[in-house]
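A.B. asks: Following this message is one structure expressed as structure tokens.
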Amino acid sequence: MAAFGTQFMPEMALATFKDNTWSAAKKVSSDSIQLHPGAHVLHYASTCFEGLKAFKHDDGSVYVFRMDRNIARMQQSTELLHLPPFPAELLEDMILSSLADVVDEIPAPPSSMYIRPTHIGTEAAIGKAASPSQSSMLYVLLSQVGAYFSGGDTALRLLVEEDTMRCAAHMGMVKSGGNYASAMGPILRARETYRADQVLFCPQGDVQETGAANFILIDGNEVITKSLDSSFLHGVTRDSILTIARDQGMDVQERSLSVKELLERAAKPGCEAALSGTAAVLAPVGTLIHHGEEHTIGSGEPGTTTLKLRQALNEIQWGQREDTHNWLRKVSR
Ligand SMILES: Cc1ncc(COP(=O)(O)O)c(C=O)c1O
């Protein structure tokens with residue numbers, strides 16, 4: 001299969017906001033949109049997006065995972081970016097009708113259909129650096145994706161970064177392009193200098209998240225991750241993994257985690273760490289690089305609890321384990 005997110009379904013659903021009104025959604029070709037070169041998004045980054053997945057079950061039926069959460073997060077991003085608000089039902093219908101049109105092209109697990117709703121400010125107004133776009137475009141791209149770790153699991157190497165932030169502190173919970181742009185430089189430097197896969201942003205020693213995933217520490221029966229605040233993205237996978245861990249009787253602690261505590265715990269045998277996100281689900285972390293020194297987490301290999309939690313989540317998504325929390329929504333043809 002092609003690289004993650006590079007192959008798109010030929011059509012997408014699109015709605016536009018103009019003159020204080022949302023248009024009805026329509027199906028358009030997914031390989032082009034018309035945008036004025038002075039569009040607000042191209043200059044002042046009025047853009048937010050989402051990432052969620054739909055899965056095919058053994059009987060051929062298709063389910064989308066926790067769509068309500070992603071829609072709510074996109075509404076929150078929209079509000080924080082001062083883009084025109086949209087009704088949840090509009091995006092929900094766009095997602096479900098787009099999926100219904102391509103049901104037969106949704107691949108079987110471990111592959112899935114990745115869904116990328118996007119909302120951009122389209123007003124042609126290059127003088128509006130400090131005022132919102134009065135018009136916008138909402139669309140839903142679909143892309144077939146394979147298993148993230150098709151070559152098997154390898155434990156990731158993370159650079160622990162205490163001096164740089166991923167993005168402006170008040171923007172962390174917004175899923176907006178600008179945040180990824182501001183994290184790019186530190187990530188590229190970490191790759192080049194330390195062969196790190198990702199940067200774990202820990203401003204002032206507070207363990208936050210990486211460029212595109214949440215960080216979870218697993219120490220025996222304890223699961224530790226930063227409690228929700230506006231500084232980082234509130235991952236749907238994070239919430240799902242914590243819920244499954246609680247269901248399994250684990251001691252889930254949403255609280256501050258310092259770099260000092262992280263490094264102390266990491267050195268203990270049996271300690272594990274993982275990154276959670278829609279694309280990779282739960283990716284094992286094996287090494288932390290801090291002040292040029294390498295710290296192995298537990299054995300340095302993918303952790304057994306990490307793999308067990310990931311499997312539990314995958315089995316719910318794939319219809320192989322009971323969906324006790326009603327996370328799946330059936331797509332009707
Ligand atoms: C910055 C950031 N943090 C966390 C996540 C994980 O969020 P989710 O589990 O909802 O995919 C993502 C992924 O989309 C992300 O980009």
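So you can find residues: chains in the structure tokens are A, B, ... in the order shown, residues in each start at 1, and ligands are numbered from 1 in order.
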Give as a list in words the residues surrounding ligand 1 up to a distance of 6 Å, considering only C-alpha atoms and all ligand atoms.

C.D. replies: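 Protein and nucleic-acid residues within 6 Å of ligand 1: Gly51, Gly211, Ala212, Ala213, Asn214, Leu233, Gly235, Val236, Thr237, Arg238, Ser276, Gly277 and Thr278 of chain A.
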
A.B. asks: Would you export the selected residues with N, CA and C atoms as a PDB file, in the first residue's frame, please?

C.D. replies:
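Listing of selection.pdb after writing:
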```pdb
ATOM      1  N   GLY A  51      -8.678  13.617  12.425  1.00  0.00           N
ATOM      2  CA  GLY A  51      -8.246  12.325  11.897  1.00  0.00           C
ATOM      3  C   GLY A  51      -8.970  11.229  12.655  1.00  0.00           C
ATOM      4  N   GLY A 211       5.069  15.363  18.691  1.00  0.00           N
ATOM      5  CA  GLY A 211       4.556  16.204  17.612  1.00  0.00           C
ATOM      6  C   GLY A 211       3.177  15.787  17.125  1.00  0.00           C
ATOM      7  N   ALA A 212       2.860  14.493  17.204  1.00  0.00           N
ATOM      8  CA  ALA A 212       1.563  14.049  16.686  1.00  0.00           C
ATOM      9  C   ALA A 212       0.985  12.880  17.467  1.00  0.00           C
ATOM     10  N   ALA A 213       1.319  12.777  18.747  1.00  0.00           N
ATOM     11  CA  ALA A 213       0.752  11.691  19.558  1.00  0.00           C
ATOM     12  C   ALA A 213       0.875  12.031  21.037  1.00  0.00           C
ATOM     13  N   ASN A 214       0.020  11.418  21.848  1.00  0.00           N
ATOM     14  CA  ASN A 214       0.099  11.583  23.309  1.00  0.00           C
ATOM     15  C   ASN A 214       1.066  10.554  23.896  1.00  0.00           C
ATOM     16  N   LEU A 233      -2.959  18.275  22.842  1.00  0.00           N
ATOM     17  CA  LEU A 233      -4.152  17.759  22.168  1.00  0.00           C
ATOM     18  C   LEU A 233      -4.786  16.614  22.954  1.00  0.00           C
ATOM     19  N   GLY A 235      -6.230  13.582  22.964  1.00  0.00           N
ATOM     20  CA  GLY A 235      -6.343  12.478  22.017  1.00  0.00           C
ATOM     21  C   GLY A 235      -7.513  11.556  22.320  1.00  0.00           C
ATOM     22  N   VAL A 236      -8.197  11.155  21.245  1.00  0.00           N
ATOM     23  CA  VAL A 236      -9.294  10.200  21.388  1.00  0.00           C
ATOM     24  C   VAL A 236      -8.717   8.814  21.708  1.00  0.00           C
ATOM     25  N   THR A 237      -7.561   8.507  21.135  1.00  0.00           N
ATOM     26  CA  THR A 237      -6.914   7.219  21.431  1.00  0.00           C
ATOM     27  C   THR A 237      -6.455   7.184  22.887  1.00  0.00           C
ATOM     28  N   ARG A 238      -5.904   8.301  23.359  1.00  0.00           N
ATOM     29  CA  ARG A 238      -5.494   8.407  24.766  1.00  0.00           C
ATOM     30  C   ARG A 238      -6.665   8.052  25.672  1.00  0.00           C
ATOM     31  N   SER A 276       0.243   7.356  21.845  1.00  0.00           N
ATOM     32  CA  SER A 276      -1.104   7.007  21.393  1.00  0.00           C
ATOM     33  C   SER A 276      -1.600   8.009  20.362  1.00  0.00           C
ATOM     34  N   GLY A 277      -2.227   7.487  19.320  1.00  0.00           N
ATOM     35  CA  GLY A 277      -2.801   8.346  18.280  1.00  0.00           C
ATOM     36  C   GLY A 277      -3.563   7.503  17.276  1.00  0.00           C
ATOM     37  N   THR A 278      -4.459   8.138  16.543  1.00  0.00           N
ATOM     38  CA  THR A 278      -5.305   7.408  15.604  1.00  0.00           C
ATOM     39  C   THR A 278      -4.492   6.624  14.582  1.00  0.00           C
TER      40      THR A 278
END
```

A.B. asks: Using DSSP on the backbone, list every residue of region 104-171 of chain A that comes out as strand (DSSP E or B), and give them as a list in words.

C.D. replies: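 Result set for region 104-171 of chain A (strand (DSSP E or B)): Ser112, Met113, Tyr114, Ile115, Arg116, Pro117, Thr118, His119, Ile120, Gly121, Ala124, Ser136, Met137, Leu138, Tyr139, Val140, Leu141, Leu142, Ser143, Gln144, Val145, Leu156, Arg157, Leu158, Leu159, Val160 and Glu161 of chain A.
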
A.B. asks: Identify which of the residues A:Ser182, A:Asn70, A:Ser98, A:Ser176 lies closest to Met9 (chain A), counting only C-alpha atoms when measuring atom-to-atom distances.

C.D. replies: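 Of the candidates, the smallest distance to Met9 (chain A) is held by A:Ser98.
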
A.B. asks: Between A:Gly38, A:Gly146, A:Pro110, A:Pro117, which one has atoms that come closest to Ala13 (chain A), using only C-alpha atoms?

C.D. replies: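 Using only C-alpha atoms, the shortest distance to Ala13 (chain A) belongs to A:Pro117.
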
A.B. asks: Could you check which of A:Gln7, A:Thr164, A:Ser61, A:Gln34 is closest to Arg329 (chain A), using only C-alpha atoms?

C.D. replies: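 Of all the options, A:Ser61 lies closest to Arg329 (chain A).
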
A.B. asks: Find the spatial neighbours of region 221-224 of chain A, counting only C-alpha atoms, within a cut-off of 12 Å - ignore same-chain residues fewer than 2 positions away - and output them as an MDAnalysis selection string.

C.D. replies: chainID A and resid 207:208 214:219 226:227 238 241:246 248:258 261:262 265 270:274 305:306 309

A.B. asks: Going by DSSP on the backbone, which residues of region 125-208 of chain A come out as helix (DSSP H, G or I)? List them as number ranges by chain.

C.D. replies: A: 169-171, 177-194, 203-205

A.B. asks: Take the selection from the previous step and output its residues with C-alpha atoms, as a short mmCIF file (atom, residue, chain, number, x, y, z; two decimals), in the first residue's frame.

C.D. replies:
```cif
data_model
loop_
_atom_site.label_atom_id
_atom_site.label_comp_id
_atom_site.auth_asym_id
_atom_site.auth_seq_id
_atom_site.Cartn_x
_atom_site.Cartn_y
_atom_site.Cartn_z
CA ALA A 169 0.80 27.21 25.07
CA HIS A 170 -2.79 28.35 24.49
CA MET A 171 -3.02 26.55 21.13
CA GLY A 177 -1.74 23.33 10.90
CA GLY A 178 0.30 26.03 12.60
CA ASN A 179 1.06 23.77 15.56
CA TYR A 180 2.60 21.16 13.28
CA ALA A 181 4.61 23.83 11.46
CA SER A 182 6.08 25.09 14.72
CA ALA A 183 7.04 21.55 15.84
CA MET A 184 8.71 20.67 12.54
CA GLY A 185 12.10 22.35 13.15
CA PRO A 186 12.78 20.67 16.52
CA ILE A 187 11.67 17.28 15.14
CA LEU A 188 13.94 17.52 12.08
CA ARG A 189 16.89 18.55 14.28
CA ALA A 190 16.23 15.66 16.66
CA ARG A 191 16.18 13.21 13.75
CA GLU A 192 19.40 14.54 12.32
CA THR A 193 21.32 14.97 15.57
CA TYR A 194 20.12 12.01 17.65
CA PRO A 203 8.48 22.48 28.63
CA GLN A 204 10.00 23.30 32.02
CA GLY A 205 10.31 19.59 32.75
#
```

A.B. asks: Choose the residue, out of A:His82, A:Lys18, A:Arg116, A:His57, that has the smallest atom-to-atom separation from Ser143 (chain A); count only C-alpha atoms.

C.D. replies: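 Smallest separation from Ser143 (chain A) among the options: A:Arg116.
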
A.B. asks: Set the distance at 9 Å and use only C-alpha atoms: which residues neighbour Lys26 (chain A) once local chain neighbours fewer than 2 positions away are removed? I'd like the list as a compact mmCIF listing (two decimals) with N, CA and C atoms, in the first residue's frame.

C.D. replies:
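This went into out_24.txt:
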```
# COMPACT_ATOMS: atom_id res chain seq x y z
N MET A 12 -15.01 13.77 -2.55
CA MET A 12 -15.12 14.17 -1.14
C MET A 12 -16.39 15.01 -0.96
N ALA A 13 -16.85 15.07 0.29
CA ALA A 13 -18.00 15.92 0.60
C ALA A 13 -17.48 17.31 0.95
N LEU A 14 -18.18 18.34 0.48
CA LEU A 14 -17.73 19.72 0.72
C LEU A 14 -18.92 20.63 1.00
N ALA A 15 -18.78 21.48 2.01
CA ALA A 15 -19.81 22.48 2.31
C ALA A 15 -19.10 23.83 2.47
N SER A 23 -23.88 26.16 3.22
CA SER A 23 -24.52 25.53 2.06
C SER A 23 -24.82 24.08 2.41
N ALA A 24 -25.63 23.42 1.59
CA ALA A 24 -25.78 21.97 1.73
C ALA A 24 -24.46 21.35 1.29
N VAL A 28 -17.78 16.45 -4.51
CA VAL A 28 -16.93 17.05 -5.55
C VAL A 28 -15.70 16.17 -5.72
N MET A 94 -21.81 14.48 6.49
CA MET A 94 -20.78 14.47 5.45
C MET A 94 -19.90 13.22 5.59
```
